[in-house]
Amino acid sequence: MPSLDRQDNVFVLDLGDGENRFHPDWLATVSAALDEVEKAEGPRALVTAATGKFYSNGLDLDWLSAHTDHHQDYVVTVHELFARMLSLPVITVAALQGHTFAAGAMFSLAHDFRVMRADRGYWCLPEADINIPFTPGMAALIQSRLAPQTAHEAMITARRYGGADAAATGIVDQAVTEEAVRSTAIEIAQAQVNKAGDTLGTIKARMYAPALASLRDTTNPLG
C-alpha cells in the first residue's frame, strides 16, 4: 500500500512495490496522503514514486470485473484523483522508475513534472489495444498535458515510449539513470517548495478548467 514520508520540505508518496493498480483501498490511501500534503503549512512540494518494476499499471480491472455494479462510482473516484492531482496547490513531480501504463500514465500526466528512467520501462496508453475507450475526462486530461501530435499518437497507436522517446516527445521532462530518478524528482520539487499555496492552486484551476470540469462531471462520467 502507498506510504507517505517527508524529506525536509518535500513529501514523498511511495505508491507501493507491486503493480500499484487503483484498487479502492489504494485510492483511499492515496487520497488520505494528499489530504496530509494539502493541509500542511509552509513551503512544501510532492513527489510520487514507487518501488520495483512498476510505477502504476492503472485501473484494477480484476476488481472492476468483480464489481460491475460499482463501475460508474469507481470511475468517478479515479477521475477525482486525477482532478485533485492536476489542481493540487503544491508543485508535484512523478518519479517514474518503472512501467507506467494506462490510468497510471494518466495519473503521471496530472503531475506538474515527470522524471523517467532512461534505460528500462515504458510509458504507454494501451486503450486502443485493449478495447477500452478513454472517458471524456481522461481524454481531456491527456490532451491538456501533451502536445496535440504526441497525444494523438499516444492515444490511437498505444505506442510504448521508453525514457528517451518520452523525453523527446515531451511526455516526461527528463530521462535519467535508474539511481537518479527519485533524487532528481526530489531536487525539482525542492526547488519549487515556495510556490505552495492558494495562488498556485488558483493558477492550476484556471489553467486546466476545461479538463477539470470534464473530470468532475459525475452525471455522465463514462460519456
# chains A, B, ... in the order shown; residues from 1 in each chain; ligands from 1
call {"tool": "select_by_dssp", "arguments": {"residues": "chain A", "states": "helix (DSSP H, G or I)", "output": "PyMOL selection string"}}
result
chain A and resi 24-39+61-66+68-87+103-109+127-130+136-145+148-157+163-168+178-190+193-195+198-207+209-215
call {"tool": "residues_around", "arguments": {"residues": "stretch 54-67 of chain A", "least_positions_apart": "6", "cutoff": "7 Å", "atoms": "only C-alpha atoms", "output": "NGL selection string"}}
result
:A and (18-23 or 96-104)
call {"tool": "closest_residue", "arguments": {"among": "A:Ala213, A:Ala166, A:Val10, A:Ile156", "to": "A:Arg44", "atoms": "only C-alpha atoms"}}
result
A:Val10
call {"tool": "residues_around", "arguments": {"residues": "A:Ala95", "least_positions_apart": "2", "cutoff": "12 Å", "atoms": "only C-alpha atoms", "output": "PyMOL selection string"}}
result
chain A and resi 12-15+46-51+54-56+92-93+97-100+105+107-109+111-118+163+172-189
call {"tool": "atom_distance", "arguments": {"atom1": "atom CA of A:Ile171", "atom2": "atom CA of A:Ile142"}}
result
10.1 Å
call {"tool": "atom_distance", "arguments": {"atom1": "atom CA of A:Arg120", "atom2": "atom CA of A:Asp5"}}
result
26.0 Å
call {"tool": "atom_distance", "arguments": {"atom1": "atom CA of A:Ala154", "atom2": "atom CA of A:Phe82"}}
result
18.3 Å
call {"tool": "residues_around", "arguments": {"residues": "A:Val78", "least_positions_apart": "5", "cutoff": "12 Å", "atoms": "only C-alpha atoms", "output": "PyMOL selection string"}}
result
chain A and resi 21-24+26-28+30-31+58-60+71-73+83-85+103-104+106-107+110+135+137-138+215-218+221-222
call {"tool": "write_last_selection", "arguments": {"atoms": "C-alpha atoms", "output": "short mmCIF file (atom, residue, chain, number, x, y, z; two decimals), in the first residue's frame"}}
result
data_model
loop_
_atom_site.label_atom_id
_atom_site.label_comp_id
_atom_site.auth_asym_id
_atom_site.auth_seq_id
_atom_site.Cartn_x
_atom_site.Cartn_y
_atom_site.Cartn_z
CA ARG A 21 -3.31 -0.70 -9.58
CA PHE A 22 -6.14 1.54 -8.49
CA HIS A 23 -7.90 -0.75 -6.00
CA PRO A 24 -10.43 1.18 -3.92
CA TRP A 26 -5.25 2.06 -2.72
CA LEU A 27 -7.25 5.05 -3.92
CA ALA A 28 -8.40 5.80 -0.37
CA VAL A 30 -3.55 7.98 -1.75
CA SER A 31 -6.41 10.39 -1.08
CA GLY A 58 -3.65 1.84 -13.68
CA LEU A 59 -7.19 0.61 -13.17
CA ASP A 60 -7.75 -2.53 -11.13
CA HIS A 71 -18.36 0.78 -12.38
CA GLN A 72 -19.56 4.37 -12.55
CA ASP A 73 -18.73 5.17 -8.92
CA ALA A 83 -8.53 16.24 -10.91
CA ARG A 84 -7.14 16.61 -7.43
CA MET A 85 -3.56 15.98 -8.51
CA ALA A 103 -4.55 5.15 -15.92
CA GLY A 104 -1.12 5.06 -14.27
CA MET A 106 -2.73 9.45 -16.94
CA PHE A 107 -2.01 9.87 -13.23
CA ALA A 110 -1.71 15.05 -13.76
CA THR A 135 -13.63 8.54 -20.86
CA GLY A 137 -12.40 13.21 -18.58
CA MET A 138 -9.41 11.01 -19.36
CA LEU A 215 -13.09 15.06 -14.79
CA ARG A 216 -15.57 16.31 -12.18
CA ASP A 217 -18.67 15.50 -14.22
CA THR A 218 -20.43 12.96 -12.03
CA PRO A 221 -18.52 10.32 -16.44
CA LEU A 222 -18.39 7.44 -18.94
#
call {"tool": "residues_around", "arguments": {"residues": "A:Ala205", "least_positions_apart": "4", "cutoff": "12 Å", "atoms": "only C-alpha atoms", "output": "CSV table (one decimal) with all heavy atoms, in the first residue's frame"}}
result
chain,number,residue,atom,x,y,z
A,83,ALA,N,-8.2,14.8,-11.1
A,83,ALA,CA,-8.5,16.2,-10.9
A,83,ALA,C,-7.8,16.8,-9.7
A,83,ALA,O,-7.3,18.0,-9.8
A,83,ALA,CB,-10.0,16.4,-10.8
A,84,ARG,N,-7.8,16.1,-8.6
A,84,ARG,CA,-7.1,16.6,-7.4
A,84,ARG,C,-5.6,16.8,-7.6
A,84,ARG,O,-5.1,17.8,-7.2
A,84,ARG,CB,-7.4,15.7,-6.3
A,84,ARG,CG,-6.9,16.2,-4.9
A,84,ARG,CD,-7.4,15.4,-3.8
A,84,ARG,NE,-7.1,16.1,-2.6
A,84,ARG,CZ,-7.1,15.5,-1.4
A,84,ARG,NH1,-7.5,14.3,-1.3
A,84,ARG,NH2,-6.8,16.2,-0.3
A,85,MET,N,-5.0,15.8,-8.3
A,85,MET,CA,-3.6,16.0,-8.5
A,85,MET,C,-3.3,17.1,-9.5
A,85,MET,O,-2.3,17.9,-9.3
A,85,MET,CB,-3.0,14.7,-9.0
A,85,MET,CG,-1.5,14.7,-9.2
A,85,MET,SD,-0.6,14.9,-7.7
A,85,MET,CE,-0.8,13.4,-6.9
A,86,LEU,N,-4.1,17.2,-10.5
A,86,LEU,CA,-3.9,18.3,-11.5
A,86,LEU,C,-4.0,19.7,-10.9
A,86,LEU,O,-3.4,20.6,-11.4
A,86,LEU,CB,-5.0,18.1,-12.6
A,86,LEU,CG,-4.8,19.0,-13.9
A,86,LEU,CD1,-3.5,18.7,-14.6
A,86,LEU,CD2,-6.0,18.7,-14.8
A,87,SER,N,-4.8,19.8,-9.9
A,87,SER,CA,-5.1,21.2,-9.3
A,87,SER,C,-4.5,21.3,-7.9
A,87,SER,O,-4.8,22.3,-7.2
A,87,SER,CB,-6.6,21.4,-9.3
A,87,SER,OG,-7.3,20.4,-8.5
A,88,LEU,N,-3.7,20.4,-7.4
A,88,LEU,CA,-3.1,20.4,-6.1
A,88,LEU,C,-2.3,21.7,-5.9
A,88,LEU,O,-1.5,22.1,-6.8
A,88,LEU,CB,-2.2,19.2,-5.8
A,88,LEU,CG,-2.1,18.8,-4.4
A,88,LEU,CD1,-3.3,18.2,-3.8
A,88,LEU,CD2,-0.9,17.7,-4.3
A,89,PRO,N,-2.5,22.4,-4.8
A,89,PRO,CA,-1.8,23.7,-4.6
A,89,PRO,C,-0.4,23.6,-4.2
A,89,PRO,O,0.1,24.4,-3.4
A,89,PRO,CB,-2.7,24.4,-3.5
A,89,PRO,CG,-3.2,23.3,-2.7
A,89,PRO,CD,-3.4,22.2,-3.7
A,198,ASP,N,-2.4,29.0,-2.0
A,198,ASP,CA,-3.7,29.3,-2.7
A,198,ASP,C,-3.5,29.9,-4.1
A,198,ASP,O,-4.2,29.6,-5.1
A,198,ASP,CB,-4.6,30.3,-1.9
A,198,ASP,CG,-5.1,29.7,-0.6
A,198,ASP,OD1,-5.1,28.4,-0.5
A,198,ASP,OD2,-5.5,30.4,0.3
A,199,THR,N,-2.4,30.7,-4.3
A,199,THR,CA,-2.2,31.3,-5.6
A,199,THR,C,-1.9,30.2,-6.6
A,199,THR,O,-2.4,30.2,-7.7
A,199,THR,CB,-1.1,32.3,-5.6
A,199,THR,OG1,-1.5,33.4,-4.7
A,199,THR,CG2,-0.8,32.9,-6.9
A,200,LEU,N,-1.0,29.3,-6.3
A,200,LEU,CA,-0.7,28.2,-7.2
A,200,LEU,C,-1.9,27.4,-7.5
A,200,LEU,O,-2.1,27.0,-8.7
A,200,LEU,CB,0.4,27.3,-6.6
A,200,LEU,CG,0.9,26.2,-7.5
A,200,LEU,CD1,1.5,26.7,-8.7
A,200,LEU,CD2,1.9,25.3,-6.7
A,201,GLY,N,-2.7,27.1,-6.5
A,201,GLY,CA,-3.9,26.3,-6.7
A,201,GLY,C,-4.9,27.0,-7.7
A,201,GLY,O,-5.5,26.4,-8.5
A,209,ALA,N,-9.1,24.5,-16.4
A,209,ALA,CA,-10.5,24.5,-16.1
A,209,ALA,C,-11.3,23.5,-17.0
A,209,ALA,O,-12.2,22.8,-16.4
A,209,ALA,CB,-11.1,25.9,-16.2
A,210,PRO,N,-11.2,23.5,-18.3
A,210,PRO,CA,-12.0,22.6,-19.1
A,210,PRO,C,-11.7,21.1,-18.7
A,210,PRO,O,-12.7,20.3,-18.6
A,210,PRO,CB,-11.5,22.8,-20.5
A,210,PRO,CG,-11.0,24.3,-20.5
A,210,PRO,CD,-10.3,24.4,-19.2
A,211,ALA,N,-10.5,20.7,-18.5
A,211,ALA,CA,-10.2,19.3,-18.2
A,211,ALA,C,-10.8,19.0,-16.8
A,211,ALA,O,-11.3,17.9,-16.6
A,211,ALA,CB,-8.7,19.1,-18.2
A,212,LEU,N,-10.6,19.9,-15.9
A,212,LEU,CA,-11.1,19.7,-14.5
A,212,LEU,C,-12.6,19.6,-14.5
A,212,LEU,O,-13.2,18.7,-13.8
A,212,LEU,CB,-10.7,20.8,-13.6
A,212,LEU,CG,-9.2,20.8,-13.3
A,212,LEU,CD1,-8.8,22.2,-12.6
A,212,LEU,CD2,-8.8,19.7,-12.4
A,213,ALA,N,-13.3,20.4,-15.3
A,213,ALA,CA,-14.8,20.3,-15.4
A,213,ALA,C,-15.2,18.9,-15.9
A,213,ALA,O,-16.2,18.3,-15.4
A,213,ALA,CB,-15.3,21.4,-16.3
call {"tool": "decode", "arguments": {"residues": "stretch 69-88 of chain A", "atoms": "N, CA, C and O atoms", "output": "PDB file, in the first residue's frame"}}
result
ATOM      1  N   ASP A  69     -21.339  -3.533 -10.772  1.00  0.00           N
ATOM      2  CA  ASP A  69     -22.378  -2.601 -10.335  1.00  0.00           C
ATOM      3  C   ASP A  69     -21.785  -1.317  -9.756  1.00  0.00           C
ATOM      4  O   ASP A  69     -22.508  -0.345  -9.528  1.00  0.00           O
ATOM      5  N   HIS A  70     -20.472  -1.297  -9.522  1.00  0.00           N
ATOM      6  CA  HIS A  70     -19.816  -0.103  -8.984  1.00  0.00           C
ATOM      7  C   HIS A  70     -18.990   0.621 -10.042  1.00  0.00           C
ATOM      8  O   HIS A  70     -18.191   1.503  -9.707  1.00  0.00           O
ATOM      9  N   HIS A  71     -19.191   0.255 -11.308  1.00  0.00           N
ATOM     10  CA  HIS A  71     -18.356   0.775 -12.381  1.00  0.00           C
ATOM     11  C   HIS A  71     -18.331   2.301 -12.412  1.00  0.00           C
ATOM     12  O   HIS A  71     -17.267   2.935 -12.413  1.00  0.00           O
ATOM     13  N   GLN A  72     -19.508   2.917 -12.429  1.00  0.00           N
ATOM     14  CA  GLN A  72     -19.560   4.374 -12.547  1.00  0.00           C
ATOM     15  C   GLN A  72     -18.963   5.054 -11.323  1.00  0.00           C
ATOM     16  O   GLN A  72     -18.206   6.025 -11.459  1.00  0.00           O
ATOM     17  N   ASP A  73     -19.283   4.574 -10.134  1.00  0.00           N
ATOM     18  CA  ASP A  73     -18.731   5.171  -8.915  1.00  0.00           C
ATOM     19  C   ASP A  73     -17.214   5.056  -8.888  1.00  0.00           C
ATOM     20  O   ASP A  73     -16.512   5.971  -8.445  1.00  0.00           O
ATOM     21  N   TYR A  74     -16.707   3.930  -9.373  1.00  0.00           N
ATOM     22  CA  TYR A  74     -15.260   3.717  -9.419  1.00  0.00           C
ATOM     23  C   TYR A  74     -14.599   4.729 -10.354  1.00  0.00           C
ATOM     24  O   TYR A  74     -13.592   5.346 -10.007  1.00  0.00           O
ATOM     25  N   VAL A  75     -15.173   4.910 -11.525  1.00  0.00           N
ATOM     26  CA  VAL A  75     -14.611   5.863 -12.483  1.00  0.00           C
ATOM     27  C   VAL A  75     -14.657   7.276 -11.917  1.00  0.00           C
ATOM     28  O   VAL A  75     -13.703   8.052 -12.076  1.00  0.00           O
ATOM     29  N   VAL A  76     -15.737   7.629 -11.243  1.00  0.00           N
ATOM     30  CA  VAL A  76     -15.829   8.952 -10.613  1.00  0.00           C
ATOM     31  C   VAL A  76     -14.691   9.151  -9.612  1.00  0.00           C
ATOM     32  O   VAL A  76     -14.072  10.226  -9.547  1.00  0.00           O
ATOM     33  N   THR A  77     -14.387   8.117  -8.825  1.00  0.00           N
ATOM     34  CA  THR A  77     -13.316   8.208  -7.839  1.00  0.00           C
ATOM     35  C   THR A  77     -11.954   8.379  -8.508  1.00  0.00           C
ATOM     36  O   THR A  77     -11.119   9.172  -8.065  1.00  0.00           O
ATOM     37  N   VAL A  78     -11.720   7.628  -9.589  1.00  0.00           N
ATOM     38  CA  VAL A  78     -10.469   7.748 -10.334  1.00  0.00           C
ATOM     39  C   VAL A  78     -10.347   9.140 -10.955  1.00  0.00           C
ATOM     40  O   VAL A  78      -9.294   9.787 -10.883  1.00  0.00           O
ATOM     41  N   HIS A  79     -11.427   9.615 -11.552  1.00  0.00           N
ATOM     42  CA  HIS A  79     -11.424  10.968 -12.118  1.00  0.00           C
ATOM     43  C   HIS A  79     -11.095  12.008 -11.055  1.00  0.00           C
ATOM     44  O   HIS A  79     -10.350  12.965 -11.324  1.00  0.00           O
ATOM     45  N   GLU A  80     -11.647  11.845  -9.877  1.00  0.00           N
ATOM     46  CA  GLU A  80     -11.399  12.814  -8.816  1.00  0.00           C
ATOM     47  C   GLU A  80      -9.941  12.815  -8.393  1.00  0.00           C
ATOM     48  O   GLU A  80      -9.363  13.863  -8.091  1.00  0.00           O
ATOM     49  N   LEU A  81      -9.316  11.635  -8.386  1.00  0.00           N
ATOM     50  CA  LEU A  81      -7.880  11.583  -8.098  1.00  0.00           C
ATOM     51  C   LEU A  81      -7.099  12.380  -9.139  1.00  0.00           C
ATOM     52  O   LEU A  81      -6.210  13.171  -8.791  1.00  0.00           O
ATOM     53  N   PHE A  82      -7.429  12.192 -10.414  1.00  0.00           N
ATOM     54  CA  PHE A  82      -6.746  12.936 -11.475  1.00  0.00           C
ATOM     55  C   PHE A  82      -6.963  14.437 -11.299  1.00  0.00           C
ATOM     56  O   PHE A  82      -6.015  15.225 -11.404  1.00  0.00           O
ATOM     57  N   ALA A  83      -8.206  14.816 -11.054  1.00  0.00           N
ATOM     58  CA  ALA A  83      -8.528  16.241 -10.907  1.00  0.00           C
ATOM     59  C   ALA A  83      -7.815  16.841  -9.702  1.00  0.00           C
ATOM     60  O   ALA A  83      -7.304  17.969  -9.765  1.00  0.00           O
ATOM     61  N   ARG A  84      -7.774  16.090  -8.638  1.00  0.00           N
ATOM     62  CA  ARG A  84      -7.137  16.610  -7.431  1.00  0.00           C
ATOM     63  C   ARG A  84      -5.642  16.812  -7.638  1.00  0.00           C
ATOM     64  O   ARG A  84      -5.077  17.829  -7.239  1.00  0.00           O
ATOM     65  N   MET A  85      -4.990  15.844  -8.261  1.00  0.00           N
ATOM     66  CA  MET A  85      -3.558  15.976  -8.511  1.00  0.00           C
ATOM     67  C   MET A  85      -3.279  17.111  -9.487  1.00  0.00           C
ATOM     68  O   MET A  85      -2.326  17.880  -9.315  1.00  0.00           O
ATOM     69  N   LEU A  86      -4.110  17.245 -10.511  1.00  0.00           N
ATOM     70  CA  LEU A  86      -3.924  18.277 -11.518  1.00  0.00           C
ATOM     71  C   LEU A  86      -4.026  19.675 -10.923  1.00  0.00           C
ATOM     72  O   LEU A  86      -3.358  20.605 -11.395  1.00  0.00           O
ATOM     73  N   SER A  87      -4.834  19.828  -9.876  1.00  0.00           N
ATOM     74  CA  SER A  87      -5.073  21.152  -9.296  1.00  0.00           C
ATOM     75  C   SER A  87      -4.487  21.314  -7.899  1.00  0.00           C
ATOM     76  O   SER A  87      -4.759  22.310  -7.226  1.00  0.00           O
ATOM     77  N   LEU A  88      -3.682  20.367  -7.443  1.00  0.00           N
ATOM     78  CA  LEU A  88      -3.133  20.435  -6.084  1.00  0.00           C
ATOM     79  C   LEU A  88      -2.319  21.719  -5.912  1.00  0.00           C
ATOM     80  O   LEU A  88      -1.511  22.070  -6.780  1.00  0.00           O
TER      81      LEU A  88
END
